[in-house]
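Q: What follows is a single structure, and I will ask about it in a moment.
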Amino acid sequence: MSDKLTITNNIRKLRFFANEMTQLELAEKTGASRSTIIAVEAGKYTPSLDLAFRIAAAFGVPIGEVFESKAE
């Protein structure tokens, strides 16, 4: 079993289905910077648990609908 965990997200898809919410709008709803949202959405930055829950709340979905993890 490997120790590497890959976290993916569905932020782009969720933004699309939320009336094409912009990254700036998501940033404002979560209290994060736009650059942080861009990095999280691109998979270049793993958000804190707090931010992950705030992102899920911004879309009104459970955290598992935003983020998924897979062991490699």
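We label chains A, B, ... in the order they appear in the structure tokens, count residues from 1 in each chain, and number ligands from 1 in the order shown.
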List as a VMD selection string the protein and nucleic acid residues near A:Ser35, meaning an atom at most 12 Å away when only C-alpha atoms are counted, but skip any in the same chain fewer than 6 places from it.

A: chain A and resid 23 to 24 26 to 28 41 to 42 44 to 45

Q: Show which residues sit within 9 Å of A:Ser69, as a JSON list (two decimals) with N, CA, C and O atoms, in the first residue's frame. Count only C-alpha atoms, and ignore same-chain residues fewer than 4 positions away.

A:
```
[["chain", "number", "residue", "atom", "x", "y", "z"],
["A", 5, "LEU", "N", -1.48, 10.05, -1.48],
["A", 5, "LEU", "CA", -2.92, 10.28, -1.60],
["A", 5, "LEU", "C", -3.13, 11.42, -2.59],
["A", 5, "LEU", "O", -2.53, 12.47, -2.46],
["A", 6, "THR", "N", -3.94, 11.16, -3.59],
["A", 6, "THR", "CA", -4.25, 12.18, -4.58],
["A", 6, "THR", "C", -5.64, 12.73, -4.29],
["A", 6, "THR", "O", -6.59, 11.97, -4.15],
["A", 7, "ILE", "N", -5.73, 14.05, -4.19],
["A", 7, "ILE", "CA", -7.02, 14.70, -3.96],
["A", 7, "ILE", "C", -7.42, 15.43, -5.23],
["A", 7, "ILE", "O", -6.64, 16.23, -5.77],
["A", 8, "THR", "N", -8.61, 15.14, -5.71],
["A", 8, "THR", "CA", -9.14, 15.82, -6.88],
["A", 8, "THR", "C", -10.38, 16.61, -6.46],
["A", 8, "THR", "O", -10.90, 16.42, -5.36],
["A", 9, "ASN", "N", -10.82, 17.50, -7.34],
["A", 9, "ASN", "CA", -12.00, 18.28, -6.98],
["A", 9, "ASN", "C", -12.89, 18.50, -8.20],
["A", 9, "ASN", "O", -12.46, 18.32, -9.34]]
```

Q: For A:Val40, which residue among A:Glu25, A:Ile11, A:Arg54, A:Asn19 is the nearest when counting only C-alpha atoms?

A: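 Looking at the shortest contact to A:Val40, the residue is A:Ile11.
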
Q: Mind giving me the straight-line distance from atom CA of A:Ile38 to atom CA of A:Glu72 in Å, one decimal?

A: 24.5 Å

Q: Rounded to one decimal in Å, what is the spacing between atom CA of A:Arg15 and atom CA of A:Ala58?

A: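 Distance reported for this atom pair: 9.9 Å.
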
Q: Taking only C-alpha atoms into account, name the residue in A:Glu68, A:Thr30, A:Ala57, A:Phe17 that is nearest to A:Gly43.

A: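 Looking only at the distances to A:Gly43, the closest residue turns out to be A:Glu68.
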
Q: Excluding A:Leu14 and its own-chain neighbours fewer than 6 positions away, which residues fall within 12 Å of it when counting only C-alpha atoms? Please give them as a ChimeraX atom specification.

A: /A:20-23,26,41,55-63,65-67

Q: Could you write out that same residue set with N, CA, C and O atoms as a PDB file, in the first residue's frame?

A:
```pdb
ATOM      1  N   GLU A  20     -22.670  29.397 -13.629  1.00  0.00           N
ATOM      2  CA  GLU A  20     -21.328  29.780 -14.082  1.00  0.00           C
ATOM      3  C   GLU A  20     -20.668  30.778 -13.122  1.00  0.00           C
ATOM      4  O   GLU A  20     -20.132  31.802 -13.532  1.00  0.00           O
ATOM      5  N   MET A  21     -20.732  30.436 -11.838  1.00  0.00           N
ATOM      6  CA  MET A  21     -20.096  31.248 -10.798  1.00  0.00           C
ATOM      7  C   MET A  21     -18.627  31.465 -11.160  1.00  0.00           C
ATOM      8  O   MET A  21     -17.944  30.533 -11.573  1.00  0.00           O
ATOM      9  N   THR A  22     -18.155  32.687 -11.004  1.00  0.00           N
ATOM     10  CA  THR A  22     -16.755  32.963 -11.298  1.00  0.00           C
ATOM     11  C   THR A  22     -15.878  32.547 -10.121  1.00  0.00           C
ATOM     12  O   THR A  22     -16.361  32.355  -8.996  1.00  0.00           O
ATOM     13  N   GLN A  23     -14.599  32.450 -10.386  1.00  0.00           N
ATOM     14  CA  GLN A  23     -13.655  32.137  -9.321  1.00  0.00           C
ATOM     15  C   GLN A  23     -13.649  33.260  -8.285  1.00  0.00           C
ATOM     16  O   GLN A  23     -13.539  33.007  -7.090  1.00  0.00           O
ATOM     17  N   LEU A  26     -16.665  32.812  -6.027  1.00  0.00           N
ATOM     18  CA  LEU A  26     -16.420  31.727  -5.066  1.00  0.00           C
ATOM     19  C   LEU A  26     -15.458  32.201  -3.979  1.00  0.00           C
ATOM     20  O   LEU A  26     -15.661  31.911  -2.792  1.00  0.00           O
ATOM     21  N   GLU A  41      -8.622  24.794  -7.487  1.00  0.00           N
ATOM     22  CA  GLU A  41      -9.340  24.243  -8.641  1.00  0.00           C
ATOM     23  C   GLU A  41      -8.397  23.527  -9.604  1.00  0.00           C
ATOM     24  O   GLU A  41      -8.745  22.488 -10.165  1.00  0.00           O
ATOM     25  N   ILE A  55     -15.930  25.913   0.898  1.00  0.00           N
ATOM     26  CA  ILE A  55     -16.190  25.755  -0.537  1.00  0.00           C
ATOM     27  C   ILE A  55     -17.445  24.911  -0.740  1.00  0.00           C
ATOM     28  O   ILE A  55     -18.325  25.266  -1.531  1.00  0.00           O
ATOM     29  N   ALA A  56     -17.539  23.802  -0.029  1.00  0.00           N
ATOM     30  CA  ALA A  56     -18.726  22.949  -0.146  1.00  0.00           C
ATOM     31  C   ALA A  56     -19.984  23.723   0.247  1.00  0.00           C
ATOM     32  O   ALA A  56     -21.015  23.642  -0.431  1.00  0.00           O
ATOM     33  N   ALA A  57     -19.903  24.499   1.315  1.00  0.00           N
ATOM     34  CA  ALA A  57     -21.055  25.280   1.771  1.00  0.00           C
ATOM     35  C   ALA A  57     -21.459  26.328   0.734  1.00  0.00           C
ATOM     36  O   ALA A  57     -22.649  26.596   0.546  1.00  0.00           O
ATOM     37  N   ALA A  58     -20.489  26.897   0.035  1.00  0.00           N
ATOM     38  CA  ALA A  58     -20.790  27.897  -0.992  1.00  0.00           C
ATOM     39  C   ALA A  58     -21.641  27.304  -2.105  1.00  0.00           C
ATOM     40  O   ALA A  58     -22.449  27.999  -2.719  1.00  0.00           O
ATOM     41  N   PHE A  59     -21.463  26.011  -2.353  1.00  0.00           N
ATOM     42  CA  PHE A  59     -22.253  25.328  -3.379  1.00  0.00           C
ATOM     43  C   PHE A  59     -23.482  24.632  -2.794  1.00  0.00           C
ATOM     44  O   PHE A  59     -24.320  24.120  -3.534  1.00  0.00           O
ATOM     45  N   GLY A  60     -23.569  24.565  -1.468  1.00  0.00           N
ATOM     46  CA  GLY A  60     -24.693  23.902  -0.830  1.00  0.00           C
ATOM     47  C   GLY A  60     -24.682  22.394  -1.012  1.00  0.00           C
ATOM     48  O   GLY A  60     -25.733  21.763  -1.113  1.00  0.00           O
ATOM     49  N   VAL A  61     -23.477  21.813  -1.040  1.00  0.00           N
ATOM     50  CA  VAL A  61     -23.338  20.364  -1.230  1.00  0.00           C
ATOM     51  C   VAL A  61     -22.429  19.787  -0.146  1.00  0.00           C
ATOM     52  O   VAL A  61     -21.649  20.513   0.461  1.00  0.00           O
ATOM     53  N   PRO A  62     -22.516  18.471   0.073  1.00  0.00           N
ATOM     54  CA  PRO A  62     -21.593  17.828   1.021  1.00  0.00           C
ATOM     55  C   PRO A  62     -20.157  17.907   0.493  1.00  0.00           C
ATOM     56  O   PRO A  62     -19.930  17.939  -0.730  1.00  0.00           O
ATOM     57  N   ILE A  63     -19.208  17.918   1.391  1.00  0.00           N
ATOM     58  CA  ILE A  63     -17.794  18.049   1.011  1.00  0.00           C
ATOM     59  C   ILE A  63     -17.360  16.946   0.039  1.00  0.00           C
ATOM     60  O   ILE A  63     -16.533  17.174  -0.836  1.00  0.00           O
ATOM     61  N   GLU A  65     -18.908  15.845  -2.425  1.00  0.00           N
ATOM     62  CA  GLU A  65     -19.263  16.180  -3.796  1.00  0.00           C
ATOM     63  C   GLU A  65     -18.287  17.174  -4.413  1.00  0.00           C
ATOM     64  O   GLU A  65     -18.275  17.379  -5.624  1.00  0.00           O
ATOM     65  N   VAL A  66     -17.471  17.779  -3.567  1.00  0.00           N
ATOM     66  CA  VAL A  66     -16.480  18.730  -4.053  1.00  0.00           C
ATOM     67  C   VAL A  66     -15.109  18.070  -4.174  1.00  0.00           C
ATOM     68  O   VAL A  66     -14.424  18.209  -5.197  1.00  0.00           O
ATOM     69  N   PHE A  67     -14.712  17.334  -3.148  1.00  0.00           N
ATOM     70  CA  PHE A  67     -13.385  16.728  -3.113  1.00  0.00           C
ATOM     71  C   PHE A  67     -13.456  15.221  -3.037  1.00  0.00           C
ATOM     72  O   PHE A  67     -14.310  14.662  -2.370  1.00  0.00           O
TER      73      PHE A  67
END
```

Q: Taking the DSSP assignment computed from this structure's backbone, write out as a PyMOL selection string all residues of chain A that belong to strand (DSSP E).

A: chain A and resi 5-9+67-71

Q: Atoms to include: N, CA, C and O atoms. Write the selected residues as a JSON list (two decimals), in the first residue's frame.

A:
```json
[["chain", "number", "residue", "atom", "x", "y", "z"],
["A", 5, "LEU", "N", -1.48, 10.05, -1.48],
["A", 5, "LEU", "CA", -2.92, 10.28, -1.60],
["A", 5, "LEU", "C", -3.13, 11.42, -2.59],
["A", 5, "LEU", "O", -2.53, 12.47, -2.46],
["A", 6, "THR", "N", -3.94, 11.16, -3.59],
["A", 6, "THR", "CA", -4.25, 12.18, -4.58],
["A", 6, "THR", "C", -5.64, 12.73, -4.29],
["A", 6, "THR", "O", -6.59, 11.97, -4.15],
["A", 7, "ILE", "N", -5.73, 14.05, -4.19],
["A", 7, "ILE", "CA", -7.02, 14.70, -3.96],
["A", 7, "ILE", "C", -7.42, 15.43, -5.23],
["A", 7, "ILE", "O", -6.64, 16.23, -5.77],
["A", 8, "THR", "N", -8.61, 15.14, -5.71],
["A", 8, "THR", "CA", -9.14, 15.82, -6.88],
["A", 8, "THR", "C", -10.38, 16.61, -6.46],
["A", 8, "THR", "O", -10.90, 16.42, -5.36],
["A", 9, "ASN", "N", -10.82, 17.50, -7.34],
["A", 9, "ASN", "CA", -12.00, 18.28, -6.98],
["A", 9, "ASN", "C", -12.89, 18.50, -8.20],
["A", 9, "ASN", "O", -12.46, 18.32, -9.34],
["A", 67, "PHE", "N", -14.71, 17.33, -3.15],
["A", 67, "PHE", "CA", -13.39, 16.73, -3.11],
["A", 67, "PHE", "C", -13.46, 15.22, -3.04],
["A", 67, "PHE", "O", -14.31, 14.66, -2.37],
["A", 68, "GLU", "N", -12.52, 14.57, -3.74],
["A", 68, "GLU", "CA", -12.40, 13.11, -3.70],
["A", 68, "GLU", "C", -10.94, 12.77, -3.49],
["A", 68, "GLU", "O", -10.05, 13.51, -3.92],
["A", 69, "SER", "N", -10.68, 11.66, -2.83],
["A", 69, "SER", "CA", -9.30, 11.24, -2.61],
["A", 69, "SER", "C", -9.12, 9.81, -3.13],
["A", 69, "SER", "O", -10.06, 9.02, -3.14],
["A", 70, "LYS", "N", -7.90, 9.55, -3.56],
["A", 70, "LYS", "CA", -7.57, 8.23, -4.09],
["A", 70, "LYS", "C", -6.16, 7.89, -3.67],
["A", 70, "LYS", "O", -5.24, 8.69, -3.86],
["A", 71, "ALA", "N", -5.98, 6.72, -3.07],
["A", 71, "ALA", "CA", -4.64, 6.26, -2.71],
["A", 71, "ALA", "C", -3.94, 5.72, -3.94],
["A", 71, "ALA", "O", -4.56, 5.06, -4.77]]
```

Q: Considering only C-alpha atoms, can you say which of A:Lys29, A:Phe16, A:Asp3, A:Arg34 comes closest to A:Phe53?

A: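 Selected residue with least distance to A:Phe53: A:Lys29.
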
Q: Please identify the helix (DSSP H, G or I) residues within chain A (assignment by DSSP from backbone atoms) and present them as a PyMOL selection string.

A: chain A and resi 11-17+23-30+34-41+49-59+63-65
